[in-house]
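Peer 1: Sharing input.cif here; it has mmCIF, C-alpha atoms.
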```
data_input
loop_
_atom_site.group_PDB
_atom_site.id
_atom_site.type_symbol
_atom_site.label_atom_id
_atom_site.label_comp_id
_atom_site.auth_asym_id
_atom_site.auth_seq_id
_atom_site.Cartn_x
_atom_site.Cartn_y
_atom_site.Cartn_z
ATOM 1 C CA MET A 9 25.213 24.035 9.367
ATOM 2 C CA LYS A 10 27.892 21.330 9.751
ATOM 3 C CA CYS A 11 26.245 18.068 10.736
ATOM 4 C CA VAL A 12 27.321 14.749 12.263
ATOM 5 C CA PHE A 13 24.909 11.851 11.751
ATOM 6 C CA VAL A 14 25.185 8.792 14.007
ATOM 7 C CA THR A 15 23.323 5.600 13.093
ATOM 8 C CA VAL A 16 22.957 2.214 14.770
ATOM 9 C CA GLY A 17 20.578 0.806 12.147
ATOM 10 C CA THR A 18 17.797 -1.485 13.385
ATOM 11 C CA THR A 19 19.856 -2.789 16.317
ATOM 12 C CA SER A 20 20.747 -1.290 19.666
ATOM 13 C CA PHE A 21 24.240 0.006 20.357
ATOM 14 C CA ASP A 22 23.943 1.858 23.646
ATOM 15 C CA ASP A 23 27.700 2.162 24.115
ATOM 16 C CA LEU A 24 28.008 4.168 20.887
ATOM 17 C CA ILE A 25 25.059 6.444 21.694
ATOM 18 C CA ALA A 26 26.274 7.017 25.275
ATOM 19 C CA CYS A 27 29.815 7.732 24.097
ATOM 20 C CA VAL A 28 28.938 10.186 21.318
ATOM 21 C CA SER A 29 26.336 12.029 23.425
ATOM 22 C CA ALA A 30 28.580 12.405 26.493
ATOM 23 C CA HIS A 31 29.430 15.980 27.473
ATOM 24 C CA ASP A 32 33.116 15.618 26.541
ATOM 25 C CA SER A 33 32.230 14.200 23.124
ATOM 26 C CA LEU A 34 29.756 17.013 22.444
ATOM 27 C CA GLN A 35 32.461 19.539 23.307
ATOM 28 C CA ILE A 36 34.880 17.889 20.859
ATOM 29 C CA ILE A 37 32.219 17.806 18.134
ATOM 30 C CA LYS A 38 31.565 21.517 18.672
ATOM 31 C CA CYS A 39 35.305 22.332 18.675
ATOM 32 C CA LEU A 40 35.619 20.563 15.314
ATOM 33 C CA GLY A 41 33.126 23.048 13.890
ATOM 34 C CA TYR A 42 29.976 20.927 13.866
ATOM 35 C CA ASN A 43 26.790 22.552 15.126
ATOM 36 C CA ARG A 44 24.300 19.735 14.616
ATOM 37 C CA LEU A 45 24.289 16.115 15.829
ATOM 38 C CA ILE A 46 21.602 13.688 14.698
ATOM 39 C CA LEU A 47 21.355 10.387 16.596
ATOM 40 C CA GLN A 48 19.435 7.435 15.166
ATOM 41 C CA ILE A 49 19.259 5.183 18.249
ATOM 42 C CA GLY A 50 17.329 2.117 17.036
ATOM 43 C CA ARG A 51 16.134 -0.178 19.840
ATOM 44 C CA GLY A 52 18.547 1.262 22.378
ATOM 45 C CA LYS A 53 17.836 1.962 26.032
ATOM 46 C CA VAL A 54 20.081 5.051 26.045
ATOM 47 C CA VAL A 55 17.913 7.960 24.893
ATOM 48 C CA PRO A 56 19.710 11.314 25.110
ATOM 49 C CA GLU A 57 17.575 14.388 25.662
ATOM 50 C CA PRO A 58 17.285 16.435 22.454
ATOM 51 C CA PHE A 59 18.141 20.122 22.776
ATOM 52 C CA SER A 60 18.741 23.194 20.711
ATOM 53 C CA THR A 61 20.755 26.277 21.559
ATOM 54 C CA GLU A 62 21.865 29.204 19.473
ATOM 55 C CA SER A 63 25.051 27.355 18.505
ATOM 56 C CA PHE A 64 24.214 23.615 18.649
ATOM 57 C CA THR A 65 21.332 21.197 18.049
ATOM 58 C CA LEU A 66 20.993 17.573 19.161
ATOM 59 C CA GLU A 67 18.250 15.558 17.457
ATOM 60 C CA VAL A 68 17.290 12.021 18.508
ATOM 61 C CA TYR A 69 15.012 9.433 16.909
ATOM 62 C CA ARG A 70 14.627 5.659 16.792
ATOM 63 C CA TYR A 71 13.695 4.884 13.181
ATOM 64 C CA LYS A 72 12.688 6.501 9.926
ATOM 65 C CA ASP A 73 11.556 4.835 6.712
ATOM 66 C CA SER A 74 14.739 6.080 5.058
ATOM 67 C CA LEU A 75 18.041 7.520 6.263
ATOM 68 C CA LYS A 76 18.546 9.256 2.909
ATOM 69 C CA GLU A 77 17.658 12.748 4.148
ATOM 70 C CA ASP A 78 19.947 12.510 7.179
ATOM 71 C CA LEU A 79 22.783 11.059 5.104
ATOM 72 C CA ASP A 80 22.364 13.883 2.594
ATOM 73 C CA LYS A 81 22.596 16.496 5.398
ATOM 74 C CA ALA A 82 25.620 14.872 7.035
ATOM 75 C CA ASP A 83 29.140 16.195 6.707
ATOM 76 C CA LEU A 84 30.385 13.220 8.754
ATOM 77 C CA VAL A 85 28.736 9.866 9.473
ATOM 78 C CA ILE A 86 29.488 7.728 12.519
ATOM 79 C CA SER A 87 27.934 4.299 12.125
ATOM 80 C CA HIS A 88 27.756 0.822 13.553
ATOM 81 C CA ALA A 89 29.501 -1.659 11.276
ATOM 82 C CA GLY A 90 26.385 -3.060 9.626
ATOM 83 C CA ALA A 91 26.933 -3.713 5.935
ATOM 84 C CA GLY A 92 23.802 -1.824 4.857
ATOM 85 C CA SER A 93 24.670 1.321 6.802
ATOM 86 C CA CYS A 94 28.284 1.284 5.619
ATOM 87 C CA LEU A 95 27.458 0.765 1.964
ATOM 88 C CA GLU A 96 24.633 3.321 1.914
ATOM 89 C CA THR A 97 26.965 5.926 3.439
ATOM 90 C CA LEU A 98 29.836 5.127 1.076
ATOM 91 C CA GLU A 99 27.476 5.356 -1.931
ATOM 92 C CA LYS A 100 26.757 8.945 -0.825
ATOM 93 C CA ARG A 101 30.527 9.576 -0.673
ATOM 94 C CA LYS A 102 30.317 10.789 2.917
ATOM 95 C CA PRO A 103 33.266 10.595 5.324
ATOM 96 C CA LEU A 104 32.624 7.555 7.522
ATOM 97 C CA VAL A 105 33.843 6.435 10.925
ATOM 98 C CA VAL A 106 32.643 2.927 11.773
ATOM 99 C CA VAL A 107 32.373 1.922 15.425
ATOM 100 C CA VAL A 108 32.592 -1.826 15.914
ATOM 101 C CA ASN A 109 30.336 -3.302 18.600
ATOM 102 C CA GLU A 110 32.691 -5.525 20.567
ATOM 103 C CA LYS A 111 29.810 -7.091 22.493
ATOM 104 C CA LEU A 112 28.628 -9.036 19.451
ATOM 105 C CA MET A 113 29.609 -12.694 19.205
ATOM 106 C CA ASN A 114 31.350 -13.926 16.017
ATOM 107 C CA ASN A 115 32.006 -10.334 15.079
ATOM 108 C CA HIS A 116 31.698 -10.161 11.299
ATOM 109 C CA GLN A 117 31.367 -6.389 11.666
ATOM 110 C CA LEU A 118 35.042 -6.170 12.596
ATOM 111 C CA GLU A 119 36.029 -8.126 9.473
ATOM 112 C CA LEU A 120 33.955 -5.789 7.273
ATOM 113 C CA ALA A 121 35.345 -2.661 8.936
ATOM 114 C CA LYS A 122 38.944 -3.873 8.608
ATOM 115 C CA GLN A 123 38.531 -4.692 4.926
ATOM 116 C CA LEU A 124 36.815 -1.382 4.065
ATOM 117 C CA HIS A 125 39.542 0.465 5.974
ATOM 118 C CA LYS A 126 42.258 -1.502 4.159
ATOM 119 C CA ASP A 127 40.589 -0.517 0.861
ATOM 120 C CA GLY A 128 40.735 3.161 1.916
ATOM 121 C CA HIS A 129 36.997 3.751 2.381
ATOM 122 C CA LEU A 130 36.667 4.511 6.103
ATOM 123 C CA PHE A 131 38.202 4.669 9.551
ATOM 124 C CA TYR A 132 37.081 2.347 12.322
ATOM 125 C CA CYS A 133 37.322 2.116 16.098
ATOM 126 C CA THR A 134 35.533 0.779 19.171
ATOM 127 C CA CYS A 135 33.867 2.562 22.081
ATOM 128 C CA ARG A 136 36.678 1.625 24.455
ATOM 129 C CA TYR A 137 38.371 4.635 25.956
ATOM 130 C CA THR A 138 41.854 4.398 27.329
ATOM 131 C CA ARG A 139 43.942 7.176 28.807
ATOM 132 C CA ASP A 140 47.736 6.923 28.835
#
```
When written as structure tokens, how does the structure in this file appear?

Peer 2:
Amino acid sequence: MKCVFVTVGTTSFDDLIACVSAHDSLQIIKCLGYNRLILQIGRGKVVPEPFSTESFTLEVYRYKDSLKEDLDKADLVISHAGAGSCLETLEKRKPLVVVVNEKLMNNHQLELAKQLHKDGHLFYCTCRYTRD
């Protein structure tokens, strides 16, 4: 089972959870060959409805004592740009896409994401969607 794990850490990042759980995003995830999506939503107000079909499973939870099990299962990790989440994922040598929360003031997350990208460890983006 190919798995995508999304984590927001102990914060809330509703834009990320809403974006990755949107119908279009789920279709893209499925088309890329993933059949399981695990969302760790933290304190967020956006709480997608978990579901399971023959070909795809969406799991949702707020917190666990450790993300180790979910990181171990993951074939791809999508994470907020918190240092702890980034470093824990990179230690596991998992492919990592960091989504920077643009709503944060004095955004040190962007600095971290840029540097780790420059060093060849990850890709980063924001939740903004633009169509040409």

Peer 1: In Å, how far is it from CA of Val12 in chain A to CA of Asn43 in chain A?

Peer 2: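 These atoms are spaced 8.3 Å apart.
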
Peer 1: If the PyMOL selection byres ((chain A and resi 76-91) around 10) were run on this exact file, what residues would it hold? Put them as an MDAnalysis selection string.

Peer 2: chainID A and resid 9:21 24 28 42 44:48 72:75 92:98 100:109 115:121 131:134

Peer 1: Figure out the distance between CA of Gly52 in chain A and CA of Arg70 in chain A, please, to one decimal in Å.

Peer 2: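 It comes out at 8.1 Å.
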
Peer 1: Choose the residue, out of A:Leu66, A:Val55, A:Ile49, A:Leu124, that has the smallest atom-to-atom separation from Ile37 in chain A; count only C-alpha atoms.

Peer 2: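 Going through A:Leu66, A:Val55, A:Ile49, A:Leu124 one by one, the smallest distance to Ile37 in chain A is for A:Leu66.
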
Peer 1: Do you have the CA of His125 in chain A-CA of Lys38 in chain A distance handy?

Peer 2: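 Distance between the two atoms: 25.8 Å.
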
Peer 1: Hey, could you pull the box centre and edge lengths for range 91-99 of chain A, axis-aligned, 6 Å padding per side, all listed atoms, to one decimal in Å, as JSON?

Peer 2:
```
{"center_x": 26.8, "center_y": 1.1, "center_z": 2.4, "size_x": 18.0, "size_y": 21.6, "size_z": 20.7}
```

Peer 1: Reconstruct range 34-45 of chain A at the level of all heavy atoms, and format the result as a CSV table (one decimal), in the frame of the given file.

Peer 2:
```csv
chain,number,residue,atom,x,y,z
A,34,LEU,N,30.5,15.9,23.0
A,34,LEU,CA,29.8,17.0,22.4
A,34,LEU,C,30.7,18.2,22.3
A,34,LEU,O,30.7,18.9,21.3
A,34,LEU,CB,28.5,17.4,23.3
A,34,LEU,CG,27.4,16.3,23.3
A,34,LEU,CD1,26.2,16.8,24.2
A,34,LEU,CD2,26.9,16.1,21.8
A,35,GLN,N,31.5,18.4,23.3
A,35,GLN,CA,32.5,19.5,23.3
A,35,GLN,C,33.5,19.4,22.2
A,35,GLN,O,33.8,20.3,21.4
A,35,GLN,CB,33.2,19.7,24.6
A,35,GLN,CG,32.3,20.1,25.8
A,35,GLN,CD,31.6,21.4,25.5
A,35,GLN,OE1,30.3,21.4,25.4
A,35,GLN,NE2,32.3,22.5,25.3
A,36,ILE,N,33.9,18.2,22.0
A,36,ILE,CA,34.9,17.9,20.9
A,36,ILE,C,34.2,18.1,19.5
A,36,ILE,O,34.8,18.7,18.6
A,36,ILE,CB,35.5,16.5,21.0
A,36,ILE,CG1,36.4,16.4,22.2
A,36,ILE,CG2,36.2,16.1,19.7
A,36,ILE,CD1,36.7,14.9,22.6
A,37,ILE,N,33.0,17.6,19.4
A,37,ILE,CA,32.2,17.8,18.1
A,37,ILE,C,32.1,19.3,17.8
A,37,ILE,O,32.3,19.7,16.7
A,37,ILE,CB,30.9,17.1,18.2
A,37,ILE,CG1,31.1,15.5,18.2
A,37,ILE,CG2,29.9,17.5,17.1
A,37,ILE,CD1,29.9,14.7,18.6
A,38,LYS,N,31.7,20.1,18.8
A,38,LYS,CA,31.6,21.5,18.7
A,38,LYS,C,32.9,22.2,18.3
A,38,LYS,O,33.0,23.0,17.4
A,38,LYS,CB,31.0,22.2,20.0
A,38,LYS,CG,29.6,21.8,20.3
A,38,LYS,CD,29.2,22.5,21.6
A,38,LYS,CE,27.9,21.9,22.1
A,38,LYS,NZ,27.6,22.5,23.5
A,39,CYS,N,34.0,21.8,19.0
A,39,CYS,CA,35.3,22.3,18.7
A,39,CYS,C,35.8,22.0,17.3
A,39,CYS,O,36.5,22.8,16.7
A,39,CYS,CB,36.3,21.8,19.7
A,39,CYS,SG,36.2,22.6,21.3
A,40,LEU,N,35.3,20.9,16.7
A,40,LEU,CA,35.6,20.6,15.3
A,40,LEU,C,34.8,21.3,14.3
A,40,LEU,O,34.9,21.1,13.1
A,40,LEU,CB,35.5,19.1,15.1
A,40,LEU,CG,36.5,18.2,15.9
A,40,LEU,CD1,36.1,16.7,15.8
A,40,LEU,CD2,37.9,18.4,15.3
A,41,GLY,N,33.9,22.2,14.8
A,41,GLY,CA,33.1,23.0,13.9
A,41,GLY,C,31.7,22.5,13.5
A,41,GLY,O,31.1,23.1,12.7
A,42,TYR,N,31.3,21.4,14.1
A,42,TYR,CA,30.0,20.9,13.9
A,42,TYR,C,29.0,21.6,14.8
A,42,TYR,O,29.3,21.9,16.0
A,42,TYR,CB,29.9,19.4,14.1
A,42,TYR,CG,30.8,18.7,13.1
A,42,TYR,CD1,32.1,18.3,13.4
A,42,TYR,CD2,30.4,18.4,11.8
A,42,TYR,CE1,32.9,17.6,12.5
A,42,TYR,CE2,31.2,17.7,10.9
A,42,TYR,CZ,32.4,17.3,11.3
A,42,TYR,OH,33.2,16.7,10.4
A,43,ASN,N,27.8,21.9,14.3
A,43,ASN,CA,26.8,22.6,15.1
A,43,ASN,C,25.5,21.8,15.1
A,43,ASN,O,24.5,22.3,15.6
A,43,ASN,CB,26.6,24.0,14.7
A,43,ASN,CG,26.4,24.2,13.2
A,43,ASN,OD1,26.1,23.2,12.5
A,43,ASN,ND2,26.6,25.4,12.8
A,44,ARG,N,25.5,20.6,14.6
A,44,ARG,CA,24.3,19.7,14.6
A,44,ARG,C,24.7,18.3,14.7
A,44,ARG,O,25.6,17.8,14.0
A,44,ARG,CB,23.5,19.9,13.3
A,44,ARG,CG,22.2,19.2,13.3
A,44,ARG,CD,21.4,19.6,12.0
A,44,ARG,NE,20.1,19.1,12.0
A,44,ARG,CZ,19.3,19.1,11.0
A,44,ARG,NH1,19.7,19.7,9.9
A,44,ARG,NH2,18.1,18.6,11.0
A,45,LEU,N,24.0,17.5,15.6
A,45,LEU,CA,24.3,16.1,15.8
A,45,LEU,C,22.9,15.4,15.8
A,45,LEU,O,22.0,15.8,16.5
A,45,LEU,CB,25.0,15.9,17.2
A,45,LEU,CG,25.2,14.4,17.6
A,45,LEU,CD1,26.1,13.7,16.6
A,45,LEU,CD2,25.8,14.4,19.0
```
